[in-house]
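protein22.cif, holding mmCIF, C-alpha atoms:
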```cif
data_protein
#
loop_
_atom_site.label_atom_id
_atom_site.label_comp_id
_atom_site.auth_asym_id
_atom_site.auth_seq_id
_atom_site.Cartn_x
_atom_site.Cartn_y
_atom_site.Cartn_z
CA MET Y 1 132.17 135.59 109.30
CA ASN Y 2 133.50 134.13 106.07
CA ARG Y 3 135.81 131.19 106.71
CA PRO Y 4 138.50 130.09 104.26
CA LEU Y 5 137.66 127.13 102.08
CA PHE Y 6 141.11 125.60 102.65
CA LYS Y 7 143.00 125.55 105.93
CA GLY Y 8 145.12 123.37 108.20
CA VAL Y 9 147.91 121.03 107.14
CA ILE Y 10 147.83 120.19 103.44
CA THR Y 11 150.56 117.81 102.27
CA ALA Y 12 152.43 118.49 99.05
CA LEU Y 13 152.57 114.82 98.11
CA ILE Y 14 155.59 113.18 96.57
CA THR Y 15 155.07 111.04 93.47
CA PRO Y 16 156.65 107.62 94.09
CA PHE Y 17 158.35 105.94 91.14
CA ARG Y 18 159.54 102.40 90.60
CA ASP Y 19 161.44 101.25 87.52
CA GLY Y 20 160.62 104.49 85.75
CA LYS Y 21 156.87 104.32 86.30
CA VAL Y 22 154.50 105.87 88.82
CA ASP Y 23 154.18 103.43 91.72
CA GLU Y 24 150.44 103.53 92.29
CA ALA Y 25 150.50 101.04 95.16
CA ALA Y 26 153.03 103.17 97.04
CA PHE Y 27 151.02 106.30 96.26
CA ARG Y 28 147.91 104.73 97.76
CA PHE Y 29 149.82 103.71 100.88
CA LEU Y 30 151.37 107.15 101.32
CA LEU Y 31 148.01 108.86 100.91
CA GLU Y 32 146.37 106.56 103.47
CA ARG Y 33 149.25 107.36 105.85
CA GLN Y 34 148.52 111.06 105.43
CA ILE Y 35 144.84 110.61 106.15
CA GLU Y 36 145.58 108.46 109.20
CA GLY Y 37 148.03 111.13 110.39
CA GLY Y 38 145.26 113.72 110.50
CA VAL Y 39 146.12 116.12 107.70
CA ASP Y 40 143.38 118.32 106.30
CA GLY Y 41 144.22 118.02 102.64
CA VAL Y 42 146.72 116.95 99.99
CA VAL Y 43 148.20 118.39 96.83
CA PRO Y 44 149.04 115.78 94.21
CA VAL Y 45 151.48 116.66 91.41
CA GLY Y 46 152.72 119.95 92.77
CA THR Y 47 156.40 120.88 92.81
CA THR Y 48 157.13 118.22 95.44
CA GLY Y 49 155.30 115.71 93.25
CA GLU Y 50 157.83 116.30 90.45
CA SER Y 51 155.20 117.80 88.20
CA ALA Y 52 157.90 119.09 85.86
CA THR Y 53 158.95 115.58 84.83
CA VAL Y 54 155.72 113.59 84.72
CA SER Y 55 153.89 113.26 81.44
CA LEU Y 56 150.49 114.87 80.92
CA ASP Y 57 148.80 111.45 81.08
CA GLU Y 58 150.66 110.60 84.30
CA HIS Y 59 149.75 113.97 85.80
CA LYS Y 60 146.07 113.46 85.15
CA ARG Y 61 146.13 109.84 86.33
CA ILE Y 62 147.78 110.83 89.64
CA VAL Y 63 145.13 113.47 90.32
CA GLU Y 64 142.33 111.02 89.47
CA LEU Y 65 143.87 108.32 91.67
CA CYS Y 66 144.28 110.78 94.53
CA VAL Y 67 140.61 111.77 94.37
CA GLN Y 68 139.55 108.13 94.27
CA VAL Y 69 141.67 107.08 97.25
CA ALA Y 70 140.88 110.16 99.33
CA ALA Y 71 137.16 109.53 98.75
CA GLY Y 72 136.15 112.78 100.41
CA ARG Y 73 138.08 112.13 103.64
CA VAL Y 74 140.48 115.03 102.99
CA ARG Y 75 140.46 117.88 100.53
CA VAL Y 76 142.30 117.26 97.26
CA ILE Y 77 143.83 120.36 95.68
CA ALA Y 78 145.26 119.31 92.35
CA GLY Y 79 148.54 120.75 91.15
CA ALA Y 80 147.63 122.51 87.91
CA GLY Y 81 150.37 125.00 87.04
CA ALA Y 82 151.87 125.58 83.62
CA SER Y 83 153.83 128.24 81.78
CA ALA Y 84 151.15 128.34 79.09
CA THR Y 85 147.70 129.51 80.16
CA ASP Y 86 145.84 127.04 77.95
CA LYS Y 87 147.75 124.14 79.52
CA ALA Y 88 146.92 125.37 83.01
CA ILE Y 89 143.25 125.65 82.05
CA ASP Y 90 143.33 122.08 80.74
CA LEU Y 91 144.75 120.81 84.05
CA VAL Y 92 142.24 122.78 86.13
CA ARG Y 93 139.40 121.54 83.94
CA HIS Y 94 140.58 117.96 84.38
CA ALA Y 95 140.80 118.44 88.16
CA LYS Y 96 137.17 119.55 88.19
CA THR Y 97 136.09 116.67 85.95
CA VAL Y 98 137.55 113.99 88.26
CA GLY Y 99 136.17 115.59 91.41
CA ALA Y 100 139.06 117.48 93.00
CA ASP Y 101 138.11 120.09 95.58
CA GLY Y 102 140.35 122.73 94.08
CA ALA Y 103 143.47 123.46 92.07
CA LEU Y 104 146.84 124.92 93.01
CA VAL Y 105 148.08 127.09 90.16
CA VAL Y 106 151.62 128.39 90.27
CA THR Y 107 152.62 131.60 88.53
CA PRO Y 108 153.94 130.81 85.03
CA TYR Y 109 157.61 129.94 85.25
CA TYR Y 110 160.58 130.80 83.06
CA ASN Y 111 158.70 133.19 80.73
CA ARG Y 112 158.42 135.76 83.56
CA PRO Y 113 155.18 137.61 82.69
CA SER Y 114 154.47 141.12 83.90
CA GLN Y 115 151.99 141.78 86.70
CA ASP Y 116 149.33 142.56 84.11
CA GLY Y 117 150.22 139.31 82.35
CA LEU Y 118 149.90 137.38 85.61
CA TYR Y 119 146.53 138.99 86.25
CA ALA Y 120 145.32 138.08 82.74
CA HIS Y 121 146.58 134.49 83.19
CA PHE Y 122 144.58 133.92 86.36
CA VAL Y 123 141.52 135.77 85.03
CA ALA Y 124 141.49 133.38 82.07
CA ILE Y 125 141.58 130.39 84.43
CA ASN Y 126 138.91 131.90 86.67
CA ASP Y 127 136.64 132.47 83.68
CA ALA Y 128 137.23 129.07 82.05
CA VAL Y 129 136.56 126.66 84.94
CA GLN Y 130 134.25 126.85 87.94
CA LEU Y 131 136.65 125.35 90.48
CA PRO Y 132 138.26 126.95 93.56
CA VAL Y 133 141.83 128.01 92.77
CA LEU Y 134 144.72 128.71 95.11
CA LEU Y 135 147.31 131.03 93.67
CA TYR Y 136 150.88 129.82 94.22
CA ASN Y 137 153.66 132.35 94.60
CA VAL Y 138 157.19 130.89 94.76
CA PRO Y 139 159.50 133.41 93.07
CA GLY Y 140 162.62 131.45 93.99
CA ARG Y 141 161.52 128.73 91.58
CA THR Y 142 159.51 130.59 88.95
CA GLY Y 143 161.55 133.78 88.49
CA VAL Y 144 158.49 136.00 88.97
CA ASP Y 145 156.89 137.42 92.12
CA LEU Y 146 153.12 137.82 92.34
CA ALA Y 147 152.85 141.30 93.83
CA ASP Y 148 150.57 141.91 96.79
CA ALA Y 149 148.54 144.40 94.76
CA THR Y 150 148.02 141.80 92.02
CA THR Y 151 146.97 139.22 94.61
CA ALA Y 152 144.42 141.69 95.98
CA ARG Y 153 142.97 142.24 92.51
CA LEU Y 154 142.76 138.51 91.87
CA ALA Y 155 141.15 137.90 95.26
CA GLU Y 156 138.06 139.72 94.01
CA LEU Y 157 137.44 137.00 91.41
CA PRO Y 158 134.88 134.36 92.41
CA ASN Y 159 137.04 131.28 91.81
CA ILE Y 160 140.28 132.63 93.29
CA VAL Y 161 139.92 131.58 96.92
CA GLY Y 162 143.39 131.91 98.41
CA ILE Y 163 147.15 131.84 97.99
CA LYS Y 164 150.03 129.56 98.82
CA ASP Y 165 152.74 132.04 99.80
CA ALA Y 166 156.16 130.37 99.67
CA THR Y 167 158.17 133.58 100.02
CA GLY Y 168 158.75 133.25 103.77
CA ASP Y 169 158.12 137.01 104.10
CA MET Y 170 156.07 137.50 107.25
CA GLY Y 171 155.20 141.08 106.36
CA ARG Y 172 153.26 140.05 103.29
CA ILE Y 173 150.54 138.25 105.17
CA SER Y 174 149.54 141.39 107.07
CA ARG Y 175 149.30 143.34 103.83
CA MET Y 176 147.18 140.62 102.25
CA ARG Y 177 144.94 140.44 105.33
CA ASN Y 178 144.33 144.16 104.95
CA ASP Y 179 143.78 144.11 101.18
CA CYS Y 180 142.03 140.79 100.43
CA PRO Y 181 138.43 139.86 101.22
CA GLU Y 182 137.55 138.10 104.45
CA GLY Y 183 137.73 134.36 103.92
CA PHE Y 184 140.57 134.54 101.38
CA ALA Y 185 142.77 131.58 102.40
CA LEU Y 186 146.31 132.54 103.37
CA ILE Y 187 148.37 129.36 103.20
CA SER Y 188 152.09 129.17 103.95
CA GLY Y 189 154.32 127.33 101.52
CA ASP Y 190 157.33 127.41 103.82
CA ASP Y 191 157.49 124.85 106.64
CA PRO Y 192 160.16 126.58 108.79
CA SER Y 193 158.12 129.80 109.04
CA PHE Y 194 154.71 128.11 109.24
CA LEU Y 195 154.25 128.77 112.95
CA GLY Y 196 155.05 132.45 112.47
CA TYR Y 197 152.68 132.57 109.53
CA LEU Y 198 149.87 131.25 111.74
CA ALA Y 199 150.72 133.84 114.40
CA HIS Y 200 150.35 136.55 111.75
CA GLY Y 201 146.87 135.31 110.87
CA GLY Y 202 147.54 132.56 108.34
CA HIS Y 203 145.17 129.67 107.89
CA GLY Y 204 147.45 126.72 107.15
CA VAL Y 205 150.40 125.29 105.27
CA ILE Y 206 151.04 123.31 102.13
CA SER Y 207 153.80 121.21 103.61
CA VAL Y 208 156.73 119.11 102.48
CA THR Y 209 157.51 118.02 106.05
CA SER Y 210 154.10 116.38 106.50
CA ASN Y 211 155.08 113.79 103.87
CA VAL Y 212 157.41 112.45 106.56
CA ALA Y 213 155.65 113.54 109.76
CA PRO Y 214 151.92 114.05 109.09
CA ALA Y 215 150.75 113.57 112.68
CA ALA Y 216 153.40 115.88 114.11
CA MET Y 217 152.48 118.64 111.67
CA ALA Y 218 148.77 118.14 112.39
CA HIS Y 219 149.47 118.44 116.13
CA LEU Y 220 151.46 121.64 115.58
CA TYR Y 221 148.58 123.20 113.68
CA ALA Y 222 145.98 122.04 116.20
CA ALA Y 223 147.95 123.53 119.09
CA ALA Y 224 148.35 126.88 117.36
CA ALA Y 225 144.73 126.96 116.18
CA SER Y 226 143.54 126.39 119.75
CA GLY Y 227 145.76 129.19 121.06
CA ASP Y 228 148.20 126.86 122.86
CA TRP Y 229 151.29 128.62 121.57
CA GLU Y 230 153.58 127.01 124.12
CA ALA Y 231 152.69 123.53 122.85
CA ALA Y 232 152.95 124.72 119.26
CA ARG Y 233 156.43 126.12 119.88
CA ALA Y 234 157.52 122.88 121.54
CA GLN Y 235 156.35 120.93 118.52
CA GLN Y 236 158.06 123.38 116.17
CA ASP Y 237 161.31 122.97 118.11
CA ARG Y 238 161.17 119.23 117.49
CA LEU Y 239 160.44 119.71 113.78
CA ILE Y 240 162.66 122.65 112.84
CA ASP Y 241 165.72 120.55 111.96
CA LEU Y 242 163.52 118.28 109.84
CA HIS Y 243 162.02 121.29 108.02
CA LYS Y 244 165.54 122.33 107.07
CA ALA Y 245 166.93 118.84 106.45
CA LEU Y 246 164.35 118.07 103.77
CA PHE Y 247 165.96 120.78 101.66
CA LEU Y 248 169.61 119.84 102.19
CA ASP Y 249 169.51 118.40 98.67
CA SER Y 250 167.19 119.09 95.75
CA SER Y 251 163.62 118.53 96.91
CA PRO Y 252 162.04 116.01 97.07
CA SER Y 253 165.15 113.81 97.17
CA PRO Y 254 165.64 114.08 100.97
CA THR Y 255 161.93 113.35 101.52
CA LYS Y 256 162.09 110.27 99.32
CA TYR Y 257 165.24 109.17 101.13
CA VAL Y 258 163.42 109.26 104.47
CA LEU Y 259 160.30 107.54 103.15
CA SER Y 260 162.43 104.84 101.51
CA LYS Y 261 164.21 104.19 104.82
CA LEU Y 262 160.80 103.80 106.43
CA GLY Y 263 159.94 101.23 103.76
CA HIS Y 264 157.15 103.22 102.15
CA CYS Y 265 158.48 103.74 98.62
CA ALA Y 266 161.59 103.59 96.47
CA GLU Y 267 164.07 106.44 96.59
CA GLU Y 268 163.75 106.83 92.82
CA LEU Y 269 163.40 110.24 91.19
CA ARG Y 270 163.31 111.38 87.58
CA LEU Y 271 166.21 113.10 85.90
CA PRO Y 272 167.46 115.74 86.21
CA LEU Y 273 166.77 115.04 89.90
CA ILE Y 274 168.82 112.25 91.44
CA PRO Y 275 168.74 110.52 94.83
CA CYS Y 276 169.88 112.36 97.91
CA GLY Y 277 173.65 112.72 98.33
CA ASP Y 278 175.37 110.55 100.96
CA ALA Y 279 177.06 113.59 102.53
CA VAL Y 280 173.79 115.01 103.88
CA LYS Y 281 172.14 111.76 104.97
CA PRO Y 282 173.54 111.79 108.54
CA ARG Y 283 172.03 115.25 109.12
CA ILE Y 284 168.71 114.10 107.71
CA ASP Y 285 168.78 110.99 109.90
CA ALA Y 286 169.49 113.11 112.99
CA ALA Y 287 166.59 115.45 112.17
CA VAL Y 288 164.23 112.50 111.67
CA SER Y 289 165.29 111.11 115.05
CA LEU Y 290 164.78 114.46 116.80
CA ALA Y 291 161.31 114.78 115.27
CA GLY Y 292 160.38 111.32 116.53
CA VAL Y 293 159.27 110.10 113.13
CA THR Y 294 158.11 106.51 112.98
CA ALA Y 295 156.75 104.35 110.18
#
```
Same coordinates, now as structure tokens:
Amino acid sequence: MNRPLFKGVITALITPFRDGKVDEAAFRFLLERQIEGGVDGVVPVGTTGESATVSLDEHKRIVELCVQVAAGRVRVIAGAGASATDKAIDLVRHAKTVGADGALVVTPYYNRPSQDGLYAHFVAINDAVQLPVLLYNVPGRTGVDLADATTARLAELPNIVGIKDATGDMGRISRMRNDCPEGFALISGDDPSFLGYLAHGGHGVISVTSNVAPAAMAHLYAAAASGDWEAARAQQDRLIDLHKALFLDSSPSPTKYVLSKLGHCAEELRLPLIPCGDAVKPRIDAAVSLAGVTA
């Protein structure tokens, strides 16, 4: 039986800033907290890591730092998406050079390529760099949906090992299970529907919530993976308000708000993102309390 290369709880790491610069000390602390919490992997400089507003040098430094600090204790899947294929290839190549375990490559955003264009984009990446790649489909952000048929075609390529599906559409996973090779990693990109995704045969989640509650998310996955659905549902019930609360303002501003209250980093973001609005903070605080989050 072929097992997926990536599975479990994989945290979509925030990028902490202080005085306009990447706060490397805070990043190290946050990554150690994830490892201690029992997550299976991390994604540096994905959407939650504000990849759109870091410079190329910062992007590459964050990935390199993440690999160094993780030191093989958890999988590092480097964010490596770009609207231009050559830029994506450069980021994937860098991820391989510094020792990342894989790359997360989002569909090109804003230019809205056709399905044939999407296929050609990922074929070019597959052919250019020998590194495991997770496709990333999040049409609500990119303006383009990676069709199931295109995913199935890409799944035949040797370096395309799975997908982060952030659509929240439970029906898609069954179609992909039918059409993709055994061992193709089916990873949820939507915390609220993660438990349902596992029940439909998914292998894990790339999570925003685990930034705040790594141990709780790891326990949820472990319960579901062992077939203890009652325990998994109980854990999900404690986390569901937090899943939702972390998107009450533009992500990752609510996540940074919580982590700043815990004393782990500054609340600082980069424009055009701004700190979480005061109006939603009481709801976030209540969700954190219900989830039992501690420092």
Show me the residues around (137.7, 135.9, 87.0) - criterion: an atom at most 10 Å away, all atoms listed in the file counted - as an NGL selection string. :Y and (119-130 or 153-160)
Expected file: the selected residues, C-alpha atoms, as a PDB file, in the frame of the given file:
```
ATOM      1  CA  TYR Y 119     146.530 138.990  86.250  1.00  0.00           C
ATOM      2  CA  ALA Y 120     145.320 138.080  82.740  1.00  0.00           C
ATOM      3  CA  HIS Y 121     146.580 134.490  83.190  1.00  0.00           C
ATOM      4  CA  PHE Y 122     144.580 133.920  86.360  1.00  0.00           C
ATOM      5  CA  VAL Y 123     141.520 135.770  85.030  1.00  0.00           C
ATOM      6  CA  ALA Y 124     141.490 133.380  82.070  1.00  0.00           C
ATOM      7  CA  ILE Y 125     141.580 130.390  84.430  1.00  0.00           C
ATOM      8  CA  ASN Y 126     138.910 131.900  86.670  1.00  0.00           C
ATOM      9  CA  ASP Y 127     136.640 132.470  83.680  1.00  0.00           C
ATOM     10  CA  ALA Y 128     137.230 129.070  82.050  1.00  0.00           C
ATOM     11  CA  VAL Y 129     136.560 126.660  84.940  1.00  0.00           C
ATOM     12  CA  GLN Y 130     134.250 126.850  87.940  1.00  0.00           C
ATOM     13  CA  ARG Y 153     142.970 142.240  92.510  1.00  0.00           C
ATOM     14  CA  LEU Y 154     142.760 138.510  91.870  1.00  0.00           C
ATOM     15  CA  ALA Y 155     141.150 137.900  95.260  1.00  0.00           C
ATOM     16  CA  GLU Y 156     138.060 139.720  94.010  1.00  0.00           C
ATOM     17  CA  LEU Y 157     137.440 137.000  91.410  1.00  0.00           C
ATOM     18  CA  PRO Y 158     134.880 134.360  92.410  1.00  0.00           C
ATOM     19  CA  ASN Y 159     137.040 131.280  91.810  1.00  0.00           C
ATOM     20  CA  ILE Y 160     140.280 132.630  93.290  1.00  0.00           C
TER      21      ILE Y 160
END
```
With stretch 261-266 of chain Y as the partner and 10 Å as the cut-off, tabulate the residues of stretch 13-53 of chain Y that qualify, each row holding the nearest pair of atoms and their distance in Å to one decimal, using all atoms listed in the file, sorted by chain and rising number, as JSON lines.
```
{"residue": "Y:Thr15", "atom": "CA", "partner": "Y:Cys265", "partner_atom": "CA", "distance": 9.6}
{"residue": "Y:Pro16", "atom": "CA", "partner": "Y:Cys265", "partner_atom": "CA", "distance": 6.2}
{"residue": "Y:Phe17", "atom": "CA", "partner": "Y:Ala266", "partner_atom": "CA", "distance": 6.7}
{"residue": "Y:Arg18", "atom": "CA", "partner": "Y:Ala266", "partner_atom": "CA", "distance": 6.3}
{"residue": "Y:Asp19", "atom": "CA", "partner": "Y:Ala266", "partner_atom": "CA", "distance": 9.3}
{"residue": "Y:Asp23", "atom": "CA", "partner": "Y:Cys265", "partner_atom": "CA", "distance": 8.1}
{"residue": "Y:Ala25", "atom": "CA", "partner": "Y:Cys265", "partner_atom": "CA", "distance": 9.1}
{"residue": "Y:Ala26", "atom": "CA", "partner": "Y:Cys265", "partner_atom": "CA", "distance": 5.7}
{"residue": "Y:Phe27", "atom": "CA", "partner": "Y:Cys265", "partner_atom": "CA", "distance": 8.2}
{"residue": "Y:Phe29", "atom": "CA", "partner": "Y:His264", "partner_atom": "CA", "distance": 7.5}
{"residue": "Y:Leu30", "atom": "CA", "partner": "Y:His264", "partner_atom": "CA", "distance": 7.0}
{"residue": "Y:Arg33", "atom": "CA", "partner": "Y:His264", "partner_atom": "CA", "distance": 9.7}
```
What does the PyMOL selection byres ((chain Y and resi 144) around 12) select in this file, as an NGL selection string? :Y and (83 or 106-115 or 117-118 or 136-143 or 145-147 or 167)
Name every residue that the PyMOL selection byres ((chain Y and resi 11) around 6) selects in this structure, writing the answer as a ChimeraX atom specification with chains first and numbers rising. /Y:10,12-13,42-43,206-207,210
Nearest residue to Y:Leu220 out of Y:Gly171, Y:Val39, Y:Lys21, Y:Leu56, using all atoms listed in the file?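 With all atoms listed in the file as the atom set, the closest residue is Y:Val39.
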For Y:Lys96, please output as a ChimeraX atom specification all residues within 8 Å (counting all atoms listed in the file; exclusion window: fewer than 3 positions along the same chain). /Y:92-93,99-102,129-131
Could you list, as number ranges by chain, every residue within 7 Å of Y:Lys164, counting all atoms listed in the file and ignoring same-chain residues fewer than 6 positions away? Y: 134-137, 186-189
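Residue nearest Y:Val63 within the list Y:Ile89, Y:Asp40, Y:Thr97, Y:Ala84: Y:Thr97 [criterion: smallest interatomic distance, only C-alpha atoms].
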Do you know which residues the PyMOL selection byres ((chain Y and resi 291) around 7) returns on this file, as a PDB file with C-alpha atoms, in the coordinates of the input?
```pdb
ATOM      1  CA  ARG Y 238     161.170 119.230 117.490  1.00  0.00           C
ATOM      2  CA  LEU Y 239     160.440 119.710 113.780  1.00  0.00           C
ATOM      3  CA  LEU Y 242     163.520 118.280 109.840  1.00  0.00           C
ATOM      4  CA  ALA Y 287     166.590 115.450 112.170  1.00  0.00           C
ATOM      5  CA  VAL Y 288     164.230 112.500 111.670  1.00  0.00           C
ATOM      6  CA  SER Y 289     165.290 111.110 115.050  1.00  0.00           C
ATOM      7  CA  LEU Y 290     164.780 114.460 116.800  1.00  0.00           C
ATOM      8  CA  GLY Y 292     160.380 111.320 116.530  1.00  0.00           C
ATOM      9  CA  VAL Y 293     159.270 110.100 113.130  1.00  0.00           C
TER      10      VAL Y 293
END
```
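Relative to atom CA of Y:Pro252, atom CA of Y:Val67 is found at 22.0 Å.
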